[in-house]
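Colleague: Okay, here's the structure, questions in a sec.
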Amino acid sequence: MRLERLLGMTLELMAKKRVTATELAAKFEVSVRTVYRDVELINMAGIPVASFTGADGGFELMDGYFLTRQHFSVDDLSVIYTLLKAMEGSMGGAVAPAMRKLVSLHPGLASEGSREAVILSMSAAESERDRIRRLFQAIRQSRIVRLAYTSASGTPSERSVEPGNLLWEKGVWYLEGYCRSRRGKRYFRISRITELEVMEETFIPQPLLDEPEQEEVQGIQAHLRFDLSVRTRVLEQFPGECTYQGDCVEVRTTFYKKEYALSVITSYGTNVEIISPDDLQRDVIAHIEAIRQHYAKPRGGDRK
């Protein structure tokens with residue numbers, strides 16, 4: 001952990017002109033005294049950090065200094081190169097300059113053999129790659145995009161969006177942007193974008209402020225427990241929301257429509273248990289009873 005903190009502090013110093021001890025202490029959750037000790041270790045490692053006192057005091061790297069390959073092992077750089085390589089399929093040439101710089105530090109990175117120890121896949125599915133490339137260009141050019149989008153509950157809508165960032169989380173790509181249709185910041189899962197059009201209209205990028213999202217936060221907050229026999233399907237249906245608890249898989253998720261929640265839960269039969277909320281349990285029981293009564297009715301061919 002300390003080595004990671006020292007590297008983190010070094011990168012922080014590289015990114016900013018001057019950083020105070022208090023800022024570093026808050027960022028890395030250590031005491032100011034620990035910050036001073038760590039800065040001294042960074043100096044001892046050959047990275048020249050200048051210290052300034054007074055109201056505008058703090059730490060900064062000496063003018064003209066930059067990190068060279070002597071401060072990263074080939075394994076360190078290999079991990080970074082592998083991450084960039086894995087993203088190349090989605091981002092196209094956008095990551096190529098950074099990859100070339102890494103190869104200039106260690107030419108061996110370009111050989112497949114040096115990366116066999118680390119195998120990652122951050123690329124999107126083939127069906128999503130074109131959308132990601134076009135969104136990436138729209139972000140760089142500050143162009144409005146129009147989306148045909150299907151929400152998690154299956155509700156289709158059309159959106160006009162000022163794209164801000166592309167995010168990759170737990171194997172899933174998202175677009176973060178200002179939705180003109182909903183007048184607020186929204187996240188759009190790339191796999192749920194069915195149509196995409198990049199407009200000629202441009203916009204002036206503004207900070208994407210967090211704000212209450214009434215449409216998005218409403219829903220049924222469900223806690224479900226699944227038998228391990230259906231874990232493969234559960235992991236696919238609830239990516240990033242699953243945790244193993246001994247002999248079961250627990251899921252905490254949000255359903256935005258009760259009908260959708262009932263259809264999903266009942267499809268698992270006796271392999272799922274509703275931990276909360278109680279209202280959802282009662283709704284499922286009522287739903288199953290309605291199905292039972294439906295099939296208990298005499299059919300036309302059964303009448304005598």
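We label chains A, B, ... in the order they appear in the structure tokens, count residues from 1 in each chain, and number ligands from 1 in the order shown.
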Based on DSSP run over this structure's backbone, return all residues of region 135-224 of chain A in helix (DSSP H, G or I), as a list of chain:residue names.

Modeller: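 Those residues are A:Leu135, A:Phe136, A:Gln137, A:Ala138, A:Ile139, A:Arg140, A:Gln141, A:Ile190, A:Ser191, A:Arg192, A:Gln214, A:Glu215, A:Glu216, A:Val217.
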
Colleague: Just want the 10 Å neighbourhood of region 271-288 of chain A, counted on only C-alpha atoms, with same-chain residues fewer than 6 positions away dropped. Output as an MDAnalysis selection string.

Modeller: chainID A and resid 220:231 248:252 258:259 261:263 265 294

Colleague: Mind writing the picked residues with N, CA, C and O atoms as a short mmCIF file (atom, residue, chain, number, x, y, z; two decimals), in the first residue's frame?

Modeller:
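again_21.cif, written as the output of this step:
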data_model
loop_
_atom_site.label_atom_id
_atom_site.label_comp_id
_atom_site.auth_asym_id
_atom_site.auth_seq_id
_atom_site.Cartn_x
_atom_site.Cartn_y
_atom_site.Cartn_z
N ILE A 220 -38.21 0.13 -7.58
CA ILE A 220 -38.25 -0.86 -6.51
C ILE A 220 -36.83 -1.29 -6.19
O ILE A 220 -36.16 -1.90 -7.02
N GLN A 221 -36.36 -0.94 -5.00
CA GLN A 221 -35.03 -1.36 -4.55
C GLN A 221 -35.15 -2.79 -4.01
O GLN A 221 -35.70 -3.01 -2.94
N ALA A 222 -34.67 -3.76 -4.76
CA ALA A 222 -34.88 -5.17 -4.42
C ALA A 222 -33.59 -5.84 -3.95
O ALA A 222 -32.51 -5.58 -4.48
N HIS A 223 -33.74 -6.70 -2.95
CA HIS A 223 -32.65 -7.55 -2.46
C HIS A 223 -33.08 -8.99 -2.69
O HIS A 223 -34.05 -9.46 -2.08
N LEU A 224 -32.38 -9.68 -3.60
CA LEU A 224 -32.76 -11.03 -4.00
C LEU A 224 -31.66 -12.02 -3.67
O LEU A 224 -30.47 -11.67 -3.67
N ARG A 225 -32.05 -13.26 -3.40
CA ARG A 225 -31.07 -14.32 -3.11
C ARG A 225 -31.34 -15.49 -4.06
O ARG A 225 -32.45 -16.03 -4.10
N PHE A 226 -30.32 -15.87 -4.84
CA PHE A 226 -30.47 -16.90 -5.86
C PHE A 226 -29.68 -18.15 -5.50
O PHE A 226 -28.59 -18.07 -4.92
N ASP A 227 -30.21 -19.29 -5.89
CA ASP A 227 -29.51 -20.56 -5.74
C ASP A 227 -28.33 -20.60 -6.71
O ASP A 227 -28.40 -20.04 -7.82
N LEU A 228 -27.26 -21.27 -6.31
CA LEU A 228 -26.07 -21.33 -7.16
C LEU A 228 -26.32 -22.04 -8.48
O LEU A 228 -25.57 -21.85 -9.44
N SER A 229 -27.37 -22.83 -8.57
CA SER A 229 -27.65 -23.57 -9.80
C SER A 229 -27.99 -22.63 -10.96
O SER A 229 -27.91 -23.02 -12.13
N VAL A 230 -28.38 -21.39 -10.66
CA VAL A 230 -28.72 -20.43 -11.73
C VAL A 230 -27.74 -19.26 -11.76
O VAL A 230 -28.04 -18.21 -12.31
N ARG A 231 -26.56 -19.45 -11.18
CA ARG A 231 -25.62 -18.33 -11.03
C ARG A 231 -25.17 -17.76 -12.38
O ARG A 231 -24.97 -16.55 -12.51
N CYS A 248 -25.05 -19.25 -2.05
CA CYS A 248 -26.04 -18.50 -2.82
C CYS A 248 -25.40 -17.26 -3.44
O CYS A 248 -24.27 -16.91 -3.10
N VAL A 249 -26.13 -16.63 -4.34
CA VAL A 249 -25.71 -15.37 -4.94
C VAL A 249 -26.74 -14.31 -4.56
O VAL A 249 -27.94 -14.50 -4.80
N GLU A 250 -26.29 -13.22 -3.96
CA GLU A 250 -27.20 -12.17 -3.57
C GLU A 250 -27.09 -11.00 -4.55
O GLU A 250 -26.00 -10.65 -5.00
N VAL A 251 -28.24 -10.41 -4.85
CA VAL A 251 -28.32 -9.31 -5.81
C VAL A 251 -29.09 -8.16 -5.19
O VAL A 251 -30.16 -8.36 -4.61
N ARG A 252 -28.53 -6.98 -5.30
CA ARG A 252 -29.24 -5.75 -4.93
C ARG A 252 -29.38 -4.93 -6.20
O ARG A 252 -28.38 -4.50 -6.77
N LYS A 258 -42.98 -2.48 -11.93
CA LYS A 258 -43.36 -3.65 -11.15
C LYS A 258 -43.60 -4.86 -12.05
O LYS A 258 -43.22 -5.99 -11.71
N GLU A 259 -44.21 -4.63 -13.21
CA GLU A 259 -44.50 -5.75 -14.11
C GLU A 259 -43.22 -6.45 -14.55
O GLU A 259 -43.17 -7.67 -14.65
N ALA A 261 -40.35 -6.48 -12.87
CA ALA A 261 -39.82 -7.18 -11.70
C ALA A 261 -40.51 -8.52 -11.51
O ALA A 261 -39.86 -9.55 -11.25
N LEU A 262 -41.83 -8.54 -11.64
CA LEU A 262 -42.59 -9.78 -11.46
C LEU A 262 -42.22 -10.82 -12.51
O LEU A 262 -42.06 -12.00 -12.19
N SER A 263 -42.05 -10.37 -13.76
CA SER A 263 -41.73 -11.32 -14.83
C SER A 263 -40.34 -11.92 -14.62
O SER A 263 -40.13 -13.12 -14.86
N ILE A 265 -38.56 -12.16 -11.67
CA ILE A 265 -38.48 -12.97 -10.45
C ILE A 265 -39.19 -14.31 -10.63
O ILE A 265 -38.66 -15.37 -10.27
N HIS A 294 -56.05 -18.34 -13.29
CA HIS A 294 -56.27 -18.27 -14.74
C HIS A 294 -56.32 -19.66 -15.34
O HIS A 294 -57.19 -19.97 -16.16
#

Colleague: Give me the residues near region 6-15 of chain A as number ranges by chain, where near means some atom within 8 Å (using only C-alpha atoms) and where sequence neighbours in that chain fewer than 6 positions away do not count.

Modeller: A: 24, 38-39, 42, 59-61, 66

Colleague: Could you write out the selected residues, including N, CA and C atoms, as a PDB file, in the first residue's frame?

Modeller:
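What landed in out.pdb:
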ATOM      1  N   LEU A  24      -2.457  16.494  -0.028  1.00  0.00           N
ATOM      2  CA  LEU A  24      -1.985  15.119  -0.190  1.00  0.00           C
ATOM      3  C   LEU A  24      -2.491  14.232   0.940  1.00  0.00           C
ATOM      4  N   ASP A  38       6.789  10.577   3.414  1.00  0.00           N
ATOM      5  CA  ASP A  38       6.710   9.993   2.069  1.00  0.00           C
ATOM      6  C   ASP A  38       7.439  10.859   1.045  1.00  0.00           C
ATOM      7  N   VAL A  39       7.308  12.167   1.164  1.00  0.00           N
ATOM      8  CA  VAL A  39       7.994  13.067   0.233  1.00  0.00           C
ATOM      9  C   VAL A  39       9.501  12.897   0.372  1.00  0.00           C
ATOM     10  N   ILE A  42      10.444   9.847  -1.513  1.00  0.00           N
ATOM     11  CA  ILE A  42      10.422  10.117  -2.955  1.00  0.00           C
ATOM     12  C   ILE A  42      11.708  10.822  -3.371  1.00  0.00           C
ATOM     13  N   PHE A  59       4.503  21.407  -2.188  1.00  0.00           N
ATOM     14  CA  PHE A  59       5.525  20.611  -2.866  1.00  0.00           C
ATOM     15  C   PHE A  59       5.312  20.694  -4.375  1.00  0.00           C
ATOM     16  N   GLU A  60       6.422  20.621  -5.098  1.00  0.00           N
ATOM     17  CA  GLU A  60       6.327  20.521  -6.546  1.00  0.00           C
ATOM     18  C   GLU A  60       7.604  19.893  -7.082  1.00  0.00           C
ATOM     19  N   LEU A  61       7.487  19.255  -8.227  1.00  0.00           N
ATOM     20  CA  LEU A  61       8.666  18.688  -8.867  1.00  0.00           C
ATOM     21  C   LEU A  61       9.534  19.817  -9.400  1.00  0.00           C
ATOM     22  N   PHE A  66      10.963  15.010 -15.455  1.00  0.00           N
ATOM     23  CA  PHE A  66       9.878  14.126 -15.866  1.00  0.00           C
ATOM     24  C   PHE A  66      10.330  12.702 -15.598  1.00  0.00           C
TER      25      PHE A  66
END

Colleague: What does the distance between CA of Gly57 (chain A) and CA of Val35 (chain A) come to in Å, to one decimal place?

Modeller: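 That distance, rounded to one decimal, is 14.3 Å.
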
Colleague: Need the shell around region 150-154 of chain A: protein/DNA/RNA residues with any atom at most 12 Å away, counting only C-alpha atoms. Skip same-chain ones fewer than 2 positions apart. Format as number ranges by chain?

Modeller: A: 147-148, 156-159, 186-195, 215-216, 218-220, 237-238, 253-264

Colleague: Give the strand (DSSP E) residues of region 22-52 of chain A, as assigned by DSSP on the backbone, as a PyMOL selection string.

Modeller: chain A and resi 49-52

Colleague: Point out the residue among A:Leu166, A:Arg146, A:Val198, A:Lys297 with the least atom-to-atom distance to Arg180 (chain A), counting only C-alpha atoms.

Modeller: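 Closest residue, counting only C-alpha atoms: A:Arg146.
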
Colleague: Which is closer to Lys17 (chain A) than all the others in A:Glu241, A:Ser267, A:Met62, A:Gly164, using only C-alpha atoms?

Modeller: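 For Lys17 (chain A), the nearest of the given residues is A:Met62.
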